[in-house]
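Trainee: Below is a structure I'd like to ask you about.
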Amino acid sequence: MNNAQELMDIYNDLTWDNYYELSDAIVKFDKHNIETEMMRQASQYSYWQGLCSMAKRDLDYANLKFTQFVASTRKNFKKESSVKLTAKDLDDLVESTDSYTLYNKSIMDANYKYTMIKGLVQALEQKKDMLQQLSANNRAETKLYN
């Protein structure tokens, strides 16, 4: 399996349980090989930022589908009603449908995944800062002994 497919599998199967494991895995580094870790950091960040963008796209798409559902459902209720419905009446009718709950859950799930991946990207930003500091510390320590 290639790295891109592995990332897609992670994205599709992301849960709180594997989020915890992923967090530990992506910030893990070899303190005796800081230079190599720093060289890998940019590509690792890029991969996860790409996943974050996918999650944001999926969240935006879920919001769009929800908005379209609400608009078309309001329109249908209004068209089928024999009495004039107020905006509040239409809201109540739309919000009481099972589909409304499903679309809302879809948005919540997409937002959950987006914020988890965003958190992983932020962890990589912190890892970069830490690697830079460790590298600077190593250079300063080397100067002490020269």
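Ordered as shown in the structure tokens, chains take letters A, B, and onward, while each chain numbers its residues from 1 and ligands are numbered from 1 in the order shown.
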Could you give me, as a PDB file with N, CA and C atoms, in the first residue's frame, the residues within 12 Å of Lys56 in chain A, counting only C-alpha atoms and dropping anything in the same chain fewer than 2 positions from it?

Mentor:
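Printed below is selection.pdb as written:
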ATOM      1  N   GLN A  49      -1.722  18.250   6.172  1.00  0.00           N
ATOM      2  CA  GLN A  49      -2.451  19.460   5.788  1.00  0.00           C
ATOM      3  C   GLN A  49      -3.382  19.141   4.624  1.00  0.00           C
ATOM      4  N   GLY A  50      -2.941  18.261   3.736  1.00  0.00           N
ATOM      5  CA  GLY A  50      -3.806  17.815   2.646  1.00  0.00           C
ATOM      6  C   GLY A  50      -5.042  17.097   3.169  1.00  0.00           C
ATOM      7  N   LEU A  51      -4.847  16.233   4.162  1.00  0.00           N
ATOM      8  CA  LEU A  51      -5.999  15.556   4.777  1.00  0.00           C
ATOM      9  C   LEU A  51      -6.922  16.558   5.462  1.00  0.00           C
ATOM     10  N   CYS A  52      -6.325  17.560   6.066  1.00  0.00           N
ATOM     11  CA  CYS A  52      -7.128  18.591   6.725  1.00  0.00           C
ATOM     12  C   CYS A  52      -7.974  19.336   5.682  1.00  0.00           C
ATOM     13  N   SER A  53      -7.394  19.595   4.541  1.00  0.00           N
ATOM     14  CA  SER A  53      -8.137  20.250   3.464  1.00  0.00           C
ATOM     15  C   SER A  53      -9.279  19.364   2.973  1.00  0.00           C
ATOM     16  N   MET A  54      -9.027  18.068   2.881  1.00  0.00           N
ATOM     17  CA  MET A  54     -10.091  17.142   2.487  1.00  0.00           C
ATOM     18  C   MET A  54     -11.224  17.152   3.506  1.00  0.00           C
ATOM     19  N   ASP A  58     -15.100  18.200   2.960  1.00  0.00           N
ATOM     20  CA  ASP A  58     -16.218  17.329   3.327  1.00  0.00           C
ATOM     21  C   ASP A  58     -17.186  18.036   4.274  1.00  0.00           C
ATOM     22  N   LEU A  59     -16.656  18.827   5.186  1.00  0.00           N
ATOM     23  CA  LEU A  59     -17.505  19.617   6.084  1.00  0.00           C
ATOM     24  C   LEU A  59     -18.312  20.641   5.293  1.00  0.00           C
ATOM     25  N   ASP A  60     -17.653  21.340   4.389  1.00  0.00           N
ATOM     26  CA  ASP A  60     -18.346  22.327   3.563  1.00  0.00           C
ATOM     27  C   ASP A  60     -19.424  21.660   2.708  1.00  0.00           C
ATOM     28  N   TYR A  61     -19.125  20.493   2.187  1.00  0.00           N
ATOM     29  CA  TYR A  61     -20.094  19.760   1.374  1.00  0.00           C
ATOM     30  C   TYR A  61     -21.297  19.338   2.226  1.00  0.00           C
ATOM     31  N   ALA A  62     -21.046  18.866   3.437  1.00  0.00           N
ATOM     32  CA  ALA A  62     -22.149  18.480   4.332  1.00  0.00           C
ATOM     33  C   ALA A  62     -23.022  19.692   4.649  1.00  0.00           C
ATOM     34  N   ASN A  63     -22.398  20.841   4.863  1.00  0.00           N
ATOM     35  CA  ASN A  63     -23.164  22.071   5.112  1.00  0.00           C
ATOM     36  C   ASN A  63     -23.991  22.469   3.896  1.00  0.00           C
ATOM     37  N   ILE A 107     -23.115  16.762   9.481  1.00  0.00           N
ATOM     38  CA  ILE A 107     -22.300  17.963   9.697  1.00  0.00           C
ATOM     39  C   ILE A 107     -21.455  17.806  10.958  1.00  0.00           C
ATOM     40  N   ASP A 109     -20.415  15.046  12.383  1.00  0.00           N
ATOM     41  CA  ASP A 109     -19.366  14.053  12.131  1.00  0.00           C
ATOM     42  C   ASP A 109     -18.243  14.644  11.283  1.00  0.00           C
ATOM     43  N   ALA A 110     -18.606  15.396  10.253  1.00  0.00           N
ATOM     44  CA  ALA A 110     -17.591  16.009   9.392  1.00  0.00           C
ATOM     45  C   ALA A 110     -16.782  17.049  10.170  1.00  0.00           C
ATOM     46  N   ASN A 111     -17.446  17.804  11.023  1.00  0.00           N
ATOM     47  CA  ASN A 111     -16.744  18.799  11.829  1.00  0.00           C
ATOM     48  C   ASN A 111     -15.809  18.123  12.837  1.00  0.00           C
ATOM     49  N   TYR A 112     -16.259  17.037  13.408  1.00  0.00           N
ATOM     50  CA  TYR A 112     -15.451  16.268  14.355  1.00  0.00           C
ATOM     51  C   TYR A 112     -14.162  15.778  13.690  1.00  0.00           C
ATOM     52  N   LYS A 113     -14.302  15.200  12.509  1.00  0.00           N
ATOM     53  CA  LYS A 113     -13.138  14.703  11.787  1.00  0.00           C
ATOM     54  C   LYS A 113     -12.214  15.857  11.398  1.00  0.00           C
ATOM     55  N   TYR A 114     -12.802  16.944  10.926  1.00  0.00           N
ATOM     56  CA  TYR A 114     -12.004  18.115  10.536  1.00  0.00           C
ATOM     57  C   TYR A 114     -11.194  18.656  11.715  1.00  0.00           C
ATOM     58  N   THR A 115     -11.834  18.805  12.866  1.00  0.00           N
ATOM     59  CA  THR A 115     -11.107  19.368  14.012  1.00  0.00           C
ATOM     60  C   THR A 115     -10.059  18.397  14.545  1.00  0.00           C
ATOM     61  N   MET A 116     -10.315  17.090  14.442  1.00  0.00           N
ATOM     62  CA  MET A 116      -9.282  16.136  14.867  1.00  0.00           C
ATOM     63  C   MET A 116      -8.056  16.217  13.952  1.00  0.00           C
ATOM     64  N   ILE A 117      -8.282  16.263  12.661  1.00  0.00           N
ATOM     65  CA  ILE A 117      -7.155  16.343  11.732  1.00  0.00           C
ATOM     66  C   ILE A 117      -6.451  17.692  11.863  1.00  0.00           C
ATOM     67  N   LYS A 118      -7.210  18.734  12.078  1.00  0.00           N
ATOM     68  CA  LYS A 118      -6.614  20.047  12.313  1.00  0.00           C
ATOM     69  C   LYS A 118      -5.715  20.005  13.553  1.00  0.00           C
TER      70      LYS A 118
END

Trainee: Counting only C-alpha atoms, what is within 8 Å of Leu131 in chain A, bar same-chain residues fewer than 6 positions away, as a list in words?

Mentor: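 Here the answer would be Ile34, Glu37 and Met38 of chain A.
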
Trainee: Could you tell me how far CA of Asp17 in chain A sits from CA of Tyr45 in chain A, in Å to one decimal place?

Mentor: 21.5 Å

Trainee: Let me make sure I understand: among A:Gln41, A:Ser99, A:Asn104, A:Asn3, which one has the smallest atom-to-atom distance to Lys128 in chain A if we use only C-alpha atoms?

Mentor: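 That would be A:Gln41, the residue with the smallest distance to Lys128 in chain A.
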
Trainee: What's around range 73-84 of chain A at 12 Å? Count only C-alpha atoms, leave out sequence neighbours fewer than 5 positions away in its own chain, and write the answer as JSON, numbers by chain.

Mentor: {"A": [65, 66, 67, 68, 89, 90, 91, 92, 93, 94, 95, 96, 97, 98, 99, 100]}

Trainee: Output N, CA and C atoms for every residue in the selection just made, as a tab-separated table (two decimals), in the first residue's frame.

Mentor:
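Generated file (part.tsv):
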chain	number	residue	atom	x	y	z
A	65	LYS	N	-25.14	20.44	1.50
A	65	LYS	CA	-26.25	19.48	1.37
A	65	LYS	C	-27.35	19.79	2.38
A	66	PHE	N	-26.96	20.16	3.59
A	66	PHE	CA	-27.93	20.52	4.63
A	66	PHE	C	-28.73	21.75	4.21
A	67	THR	N	-28.04	22.77	3.73
A	67	THR	CA	-28.70	24.00	3.30
A	67	THR	C	-29.68	23.72	2.17
A	68	GLN	N	-29.24	22.89	1.23
A	68	GLN	CA	-30.13	22.54	0.11
A	68	GLN	C	-31.35	21.76	0.61
A	89	ASP	N	-43.26	28.34	11.62
A	89	ASP	CA	-43.96	27.09	11.29
A	89	ASP	C	-43.12	26.24	10.36
A	90	LEU	N	-42.56	26.87	9.33
A	90	LEU	CA	-41.73	26.13	8.38
A	90	LEU	C	-40.48	25.56	9.06
A	91	ASP	N	-39.87	26.37	9.92
A	91	ASP	CA	-38.70	25.88	10.67
A	91	ASP	C	-39.07	24.65	11.50
A	92	ASP	N	-40.17	24.75	12.20
A	92	ASP	CA	-40.62	23.63	13.04
A	92	ASP	C	-40.87	22.38	12.21
A	93	LEU	N	-41.50	22.54	11.07
A	93	LEU	CA	-41.78	21.40	10.21
A	93	LEU	C	-40.49	20.76	9.70
A	94	VAL	N	-39.57	21.59	9.24
A	94	VAL	CA	-38.29	21.07	8.70
A	94	VAL	C	-37.49	20.40	9.81
A	95	GLU	N	-37.40	21.07	10.95
A	95	GLU	CA	-36.57	20.56	12.04
A	95	GLU	C	-37.14	19.31	12.69
A	96	SER	N	-38.37	19.01	12.44
A	96	SER	CA	-38.98	17.82	13.03
A	96	SER	C	-38.83	16.58	12.13
A	97	THR	N	-38.24	16.75	10.98
A	97	THR	CA	-38.07	15.59	10.08
A	97	THR	C	-36.85	14.76	10.48
A	98	ASP	N	-36.91	13.48	10.18
A	98	ASP	CA	-35.77	12.60	10.44
A	98	ASP	C	-34.57	12.99	9.58
A	99	SER	N	-34.84	13.44	8.38
A	99	SER	CA	-33.74	13.84	7.48
A	99	SER	C	-32.95	15.02	8.05
A	100	TYR	N	-33.66	15.93	8.70
A	100	TYR	CA	-32.98	17.08	9.32
A	100	TYR	C	-31.95	16.59	10.34

Trainee: Find the residue from A:His32, A:Ser23, A:Glu141, A:Thr86 that sits nearest to Lys127 in chain A; use only C-alpha atoms when measuring.

Mentor: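 Counting only C-alpha atoms, the residue closest to Lys127 in chain A is A:Ser23.
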